[in-house]
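Chemist: Next up is a structure, given as structure tokens.
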Amino acid sequence: MAETLIPADAGRITRDTPVGFELLGVKKKAAIQLMGSRLWGRFNPNHWDPVYAAETGLPAPIQTGEMSSAYLSEMCVHALGPAMFRGARISCKYIASTKANEVISTHGRVVEKTPKGDGFRFRIEIWAQNEDGEKKTVGFVEADVGV
Amino acid sequence: MTDIRTDALRPMTPLQVRQERDFIESLKQDCQTYWDMVEVGDVLARDLTITPELVILYADAVEDYNPWYEGWRMNTWRIPGESPFGGAIVPPLMMSHFVLSVQFDHTKPFAIGSIHTFHDTEILEPIPVGATVRIAAKAVEKYEKRGRRYVRHEVTVTDTTSGTLYMREVRDILSL
């Protein structure tokens with residue numbers, strides 16, 4: 001059975017987007033091969049080595065926080081487009097560790113829109129969670145749309 | 001000693017396990033905690049040329065395939081790329097990740113046990129792929145909260161040629 005595709009521009013935030021609007025998120029698996037890639041430095045084995053992680057009391061290697069922030073940022077670029085690259089703000093607090101093999105989804109909800117110029121400055125609460133709904137990263141984004 | 005195996009999460013041969021254990025052993029060196037390594041007022045800065053290949057390395061590591069970031073493609077290699085700002089641009093939080101390579105003094109052993117806990121990032125202007133930026137991090141506060149020790153930095157990312165301020169950030173590191 002063929003899957004149903006959403007329109008390419010679904011989920012974009014415009015001047016008319018109301019408070020309460022929910023962003024379309026992304027979903028990623030905390031893959032050990034990515035967690036251990038050179039990009040993240042490979043100087044802290046807690047991020048990829050199960051033996052070292054166990055020796056330091058962790059149940060599994062944990063992702064760097066920057067990976068969650070990148071996933072949230074990807075969601076925001078889809079929703080906000082160019083507005084995410086000029087005059088934007090993104091704040092993230094890492095409140096729980098993301099362990100290897102967890103599946104992380106990102107979420108966002110418009111909580112405020114303040115008139116600015118010809119458009120609005122949007123404030124969006126954002127978070128990343130695992131499949132059990134445990135929040136891992138929480139924060140907010142602000143960006144100007146149609147200004 | 002633990003019962004957990006090196007190959008618990010990905011398939012490995014004995015050769016790969018040996019190489020991995022040797023590499024991790026090589027990382028165990030005498031080092032200070034981050035708390036002891038940093039004094040309030042310390043400023044560290046480094047310049048980074050954001051090559052197309054570096055952007056691809058980052059984007060692949062977070063599985064972000066937005067074509068706006070592509071100043072390099074297989075077969076054609078380096079290309080100008082396309083984005084709403086003209087050529088290829090840098091993902092919004094890529095520079096935030098590279099701050100780590102500045103705030104931790106790279107001339108000293110890595111302060112193991114440090115955890116990044118928070119960032120508040122202002123993305124002021126799009127960064128074109130190929131730009132050379134100066135990442136500067138100033139330690140502004142050391143504080144304790146609920147028995148844990150944190151070091152706070154203020155960060156700027158500016159273009160070394162035009163002086164454009166691309167990004168400002170406040171970030172916290174939890175130290176042993």
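FYI, nothing fancy with the structure tokens labels: chains A, B, ... in order, residues from 1 per chain, ligands from 1 as they appear.
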Show me, as CSV, the residues of chain B having an atom within 7 Å of chain A, each with the closest atom pair and its distance in Å, using only C-alpha atoms.

Modeler:
residue,atom,partner,partner_atom,distance
B:Thr2,CA,A:Glu55,CA,6.8
B:Ile4,CA,A:Val51,CA,5.5
B:Arg5,CA,A:Val51,CA,6.1
B:Thr6,CA,A:Val51,CA,5.8
B:Ala8,CA,A:Pro50,CA,6.9
B:Leu9,CA,A:Ile32,CA,6.9
B:Ile24,CA,A:Pro45,CA,6.9
B:Leu27,CA,A:Phe43,CA,6.7
B:Leu57,CA,A:Leu39,CA,6.7
B:Tyr58,CA,A:Leu39,CA,6.3
B:Ala61,CA,A:Leu34,CA,5.7
B:Val62,CA,A:Met67,CA,6.3
B:Asp64,CA,A:Glu74,CA,7.0
B:Pro84,CA,A:Pro82,CA,6.5
B:Pro92,CA,A:Phe85,CA,6.3
B:Leu93,CA,A:Ala70,CA,6.4
B:His97,CA,A:Glu66,CA,6.2
B:Ile112,CA,A:Asn44,CA,6.6
B:His116,CA,A:Gly65,CA,6.6
B:Thr117,CA,A:Tyr94,CA,5.1
B:Phe118,CA,A:Lys93,CA,4.4
B:His119,CA,A:Cys92,CA,5.5
B:Asp120,CA,A:Ser91,CA,4.1
B:Thr121,CA,A:Ile90,CA,5.2
B:Glu122,CA,A:Arg89,CA,4.3
B:Ile123,CA,A:Ala88,CA,5.1
B:Leu124,CA,A:Gly87,CA,4.5
B:Glu125,CA,A:Arg86,CA,4.5
B:Pro126,CA,A:Phe85,CA,5.0

Chemist: Do a neighbour search on segment 152-162 of chain B at 6 Å with only C-alpha atoms, toss out local chain neighbours closer than 4 positions, and write the hits as a list in words.

Modeler: Thr132, Val133, Arg134, Ile135, Ala136, Ala137, Lys138, Ala139, Val140, Glu141, Tyr166, Met167, Arg168, Glu169, Val170, Arg171 and Asp172 of chain B

Chemist: Please measure the separation of atom CA of Ser114 of chain B and atom CA of Trp35 of chain B, giving the value in Å to one decimal.

Modeler: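 Computing it gives 9.1 Å between the two atoms.
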
Chemist: According to DSSP computed on the backbone, where in chain B is there helix (DSSP H, G or I)? Give the residues as a count of residues only.

Modeler: 40

Chemist: Give me, as a PyMOL selection string, the residues of chain B that a backbone DSSP run labels strand (DSSP E or B).

Modeler: chain B and resi 43-49+72-73+77-78+83+86+89+115-123+128+132-145+148-159+165-175

Chemist: Counting only C-alpha atoms, figure out which residue out of B:Met12, B:Thr49, B:Tyr143, B:Pro91 gets nearest to Tyr65 of chain B.

Modeler: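 Ranking B:Met12, B:Thr49, B:Tyr143, B:Pro91 by distance to Tyr65 of chain B, first place goes to B:Pro91.
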
Chemist: May I have the residues within 12 Å of Gly147 of chain B as a ChimeraX atom specification, using only C-alpha atoms and disregarding those fewer than 5 positions away in the same chain?

Modeler: /B:174-176

Chemist: For Thr114 of chain A, work out the shell of residues within 12 Å, counting only C-alpha atoms and skipping chain neighbours fewer than 4 positions away, then give it as JSON, numbers by chain.

Modeler: {"A": [15, 17, 18, 19, 110, 118, 119, 120, 121, 122, 123, 124, 142, 143, 144, 145, 146, 147]}

Chemist: Choose the residue, out of B:Ile56, B:Met37, B:Ser26, B:Glu70, that has the smallest atom-to-atom separation from Lys108 of chain B; count only C-alpha atoms.

Modeler: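 Nearest to Lys108 of chain B: B:Met37.
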
Chemist: Please report the interatomic distance between atom CA of Ile50 of chain B and atom CA of Val99 of chain B in Å with one decimal.

Modeler: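 Taking atom CA of Ile50 of chain B and atom CA of Val99 of chain B, their separation equals 13.1 Å.
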